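Data block for final-v7.txt (compact mmCIF, C-alpha atoms):
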```txt
# COMPACT_ATOMS: atom_id res chain seq x y z
CA MET A 1 -35.99 -78.48 37.42
CA PRO A 2 -37.59 -75.19 37.72
CA ALA A 3 -34.74 -73.72 35.62
CA ASP A 4 -35.47 -76.23 32.82
CA ARG A 5 -39.07 -75.36 32.95
CA ASP A 6 -38.33 -71.69 32.34
CA ARG A 7 -36.03 -72.68 29.53
CA PHE A 8 -38.63 -74.59 27.58
CA SER A 9 -41.70 -72.62 28.46
CA THR A 10 -43.75 -71.09 25.70
CA ALA A 11 -43.45 -67.64 27.09
CA SER A 12 -39.69 -67.89 27.22
CA ARG A 13 -39.53 -69.20 23.66
CA LEU A 14 -41.79 -66.42 22.32
CA LYS A 15 -39.80 -63.86 24.16
CA ALA A 16 -36.54 -65.19 22.63
CA LEU A 17 -38.10 -65.36 19.15
CA GLY A 18 -39.48 -61.84 19.53
CA GLU A 19 -36.09 -60.40 20.39
CA HIS A 20 -34.49 -62.24 17.48
CA ALA A 21 -37.22 -61.13 15.03
CA ALA A 22 -37.11 -57.54 16.27
CA ALA A 23 -33.32 -57.39 15.75
CA ARG A 24 -33.79 -58.67 12.18
CA VAL A 25 -36.48 -56.06 11.42
CA TYR A 26 -34.37 -53.19 12.78
CA ARG A 27 -31.37 -54.32 10.68
CA VAL A 28 -33.47 -54.33 7.50
CA ARG A 29 -34.90 -50.87 8.22
CA ALA A 30 -31.43 -49.48 8.92
CA ARG A 31 -30.16 -50.84 5.61
CA ARG A 32 -33.00 -49.22 3.68
CA ARG A 33 -32.44 -45.78 5.17
CA ARG A 34 -28.77 -45.78 4.41
CA GLY A 35 -29.16 -46.50 0.70
CA ARG A 36 -32.18 -44.34 -0.18
CA LEU A 37 -32.76 -40.59 -0.41
CA THR A 38 -35.83 -39.68 1.52
CA GLY A 39 -38.49 -37.36 0.17
CA ARG A 40 -37.76 -34.80 2.86
CA ALA A 41 -34.07 -34.65 1.94
CA ALA A 42 -34.93 -34.24 -1.76
CA LEU A 43 -37.37 -31.45 -0.94
CA LEU A 44 -34.76 -29.74 1.25
CA ALA A 45 -32.15 -29.97 -1.54
CA LEU A 46 -34.66 -28.51 -4.01
CA VAL A 47 -35.45 -25.60 -1.68
CA VAL A 48 -31.75 -24.85 -1.08
CA CYS A 49 -31.00 -24.90 -4.83
CA SER A 50 -33.97 -22.62 -5.50
CA LEU A 51 -32.78 -20.14 -2.90
CA VAL A 52 -29.24 -20.12 -4.33
CA VAL A 53 -30.56 -19.48 -7.86
CA ALA A 54 -33.03 -16.85 -6.67
CA LEU A 55 -30.43 -14.94 -4.62
CA ALA A 56 -27.52 -15.08 -7.10
CA TYR A 57 -28.58 -12.05 -9.22
CA PRO A 58 -29.51 -9.77 -6.28
CA MET A 59 -26.20 -10.58 -4.58
CA ARG A 60 -24.29 -9.69 -7.74
CA GLN A 61 -26.21 -6.40 -7.95
CA TYR A 62 -25.51 -5.70 -4.28
CA ILE A 63 -21.78 -6.24 -4.72
CA SER A 64 -21.60 -4.05 -7.85
CA GLN A 65 -23.59 -1.29 -6.12
CA ARG A 66 -21.23 -1.39 -3.16
CA SER A 67 -18.27 -0.83 -5.50
CA GLN A 68 -20.13 2.03 -7.21
CA ILE A 69 -20.82 3.61 -3.84
CA ALA A 70 -17.14 3.37 -2.96
CA ASP A 71 -16.22 5.04 -6.29
CA GLN A 72 -18.72 7.84 -5.68
CA ARG A 73 -17.33 8.41 -2.20
CA ARG A 74 -13.79 8.70 -3.60
CA GLU A 75 -14.98 11.18 -6.24
CA ALA A 76 -16.81 13.22 -3.61
CA GLN A 77 -13.67 13.35 -1.45
CA GLN A 78 -11.63 14.48 -4.45
CA ALA A 79 -14.20 17.18 -5.21
CA ARG A 80 -14.06 18.41 -1.60
CA GLU A 81 -10.27 18.66 -1.83
CA ASP A 82 -10.55 20.58 -5.13
CA VAL A 83 -13.04 23.01 -3.59
CA LYS A 84 -10.69 23.55 -0.65
CA LYS A 85 -7.78 24.33 -3.00
CA LEU A 86 -9.92 26.72 -5.06
CA ARG A 87 -11.05 28.55 -1.92
CA GLU A 88 -7.42 28.97 -0.87
CA LYS A 89 -6.55 30.27 -4.34
CA LYS A 90 -9.48 32.70 -4.22
CA ALA A 91 -8.31 33.98 -0.85
CA ARG A 92 -4.77 34.50 -2.25
CA LEU A 93 -6.09 36.34 -5.30
CA GLN A 94 -7.93 38.79 -3.05
CA ASP A 95 -4.60 39.78 -1.50
CA PRO A 96 -3.25 42.86 -3.36
CA ALA A 97 0.39 41.90 -2.76
CA TYR A 98 -0.10 38.49 -4.38
CA THR A 99 -1.92 40.05 -7.33
CA GLU A 100 0.91 42.54 -7.83
CA GLN A 101 3.49 39.75 -7.68
CA GLN A 102 1.63 37.71 -10.29
CA ALA A 103 1.24 40.75 -12.59
CA ARG A 104 4.98 41.40 -12.40
CA GLU A 105 5.99 37.78 -13.04
CA ARG A 106 3.46 36.69 -15.63
CA LEU A 107 2.50 39.88 -17.43
CA HIS A 108 5.77 41.84 -16.95
CA PHE A 109 3.88 44.83 -15.53
CA LEU A 110 5.82 47.68 -13.91
CA MET A 111 4.90 50.20 -11.28
CA PRO A 112 4.88 53.86 -12.30
CA GLY A 113 8.43 55.21 -12.44
CA GLU A 114 10.11 51.81 -12.93
CA THR A 115 12.09 50.97 -16.05
CA GLY A 116 11.72 47.50 -17.52
CA PHE A 117 14.21 45.53 -19.54
CA SER A 118 13.55 42.43 -21.60
CA VAL A 119 16.52 40.29 -22.49
CA VAL A 120 15.77 37.94 -25.35
CA ASP A 121 19.09 36.13 -25.36
CA GLY A 122 21.40 36.18 -22.38
CA SER A 123 24.57 36.52 -24.51
CA GLY A 124 23.62 39.76 -26.31
CA TYR A 125 25.07 38.41 -29.58
CA SER A 126 22.83 37.52 -32.51
CA GLU A 127 24.16 35.31 -35.23
CA PRO A 128 23.35 36.42 -38.79
CA THR A 129 20.85 34.26 -40.56
CA THR A 130 22.16 31.90 -43.21
CA ASP A 131 18.92 31.80 -45.15
CA ARG A 132 20.03 33.69 -48.24
CA GLY A 133 18.24 33.86 -51.55
CA VAL A 134 19.57 34.89 -54.96
CA ALA A 135 23.04 36.44 -54.99
CA GLY A 136 23.51 36.12 -51.23
CA ARG A 137 20.70 38.57 -50.36
CA PRO A 138 18.18 37.92 -47.60
CA TRP A 139 14.92 36.26 -48.64
CA TYR A 140 12.74 39.26 -47.84
CA ILE A 141 14.65 41.48 -50.30
CA ASN A 142 14.15 38.87 -53.02
CA LEU A 143 10.45 38.76 -52.14
CA TRP A 144 10.01 42.54 -52.45
CA ASP A 145 11.92 42.55 -55.74
CA ALA A 146 9.56 39.89 -57.07
CA VAL A 147 6.54 41.97 -56.00
CA ASP A 148 7.97 45.11 -57.61
CA THR A 149 8.70 43.24 -60.83
CA ALA A 150 5.16 41.88 -60.98
CA ASP A 151 3.69 45.38 -60.57
CA ALA A 152 5.93 47.06 -63.19
CA PRO A 153 4.53 47.68 -66.72
CA LYS A 154 5.47 45.26 -69.52
CA ALA A 155 7.68 47.81 -71.27
CA ALA A 156 9.85 48.01 -68.18
CA HIS A 157 10.33 44.19 -68.35
CA ALA A 158 11.58 44.47 -71.90
CA ASP A 159 14.22 47.05 -70.88
CA ARG A 160 15.67 44.81 -68.26
```

Please, can you express the file's structure as structure tokens?
Amino acid sequence: MPADRDRFSTASRLKALGEHAAARVYRVRARRRRGRLTGRAALLALVVCSLVVALAYPMRQYISQRSQIADQRREAQQAREDVKKLREKKARLQDPAYTEQQARERLHFLMPGETGFSVVDGSGYSEPTTDRGVAGRPWYINLWDAVDTADAPKAAHADR
């Protein structure tokens, strides 16, 4: 009978009721937390959103400045290459042989005692112009005749 006594004792019944009641309380608390947004979580979400909004413009500026820096570096490299080419050209122009070669090719200069020839057309044959004015004469003869006629006195016009 000692086992029955433990079964129906007040302490045993309170202990069993306490475990049952505690399980019910924990289930209710667990249900509440699952369905509700806590104040801490809302505050954390607000802080995160504020940081995103506050950092959006500076990040955009940072990215655009990085691209500008890259453009400036490319331009500086191009300028260095141009300076290098100009220095090489300056060094060539200080060479008398190069200067003489350029004067001969571009300006058709000759050294003393040399004879130069300029060939306009490689064939050596020039075709007569077909631009003829009155009576098959060239235009410039007609022009000079018109000038002479304009300068002549009026009596000379009547004779003609």

By how many Å are atom CA of Leu55 of chain A and atom CA of Arg73 of chain A apart?
->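 Computed distance, atom CA of Leu55 of chain A to atom CA of Arg73 of chain A, equals 26.9 Å.
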
Quick one, how far is atom CA of Arg106 of chain A from atom CA of Arg80 of chain A?
-> 28.9 Å

Box for segment 115-119 of chain A - axis-aligned, 3 Å on each of the six sides, all listed atoms - centre and size in Å to one decimal, as JSON.
```
{"center_x": 14.1, "center_y": 45.6, "center_z": -19.3, "size_x": 10.8, "size_y": 16.7, "size_z": 12.4}
```
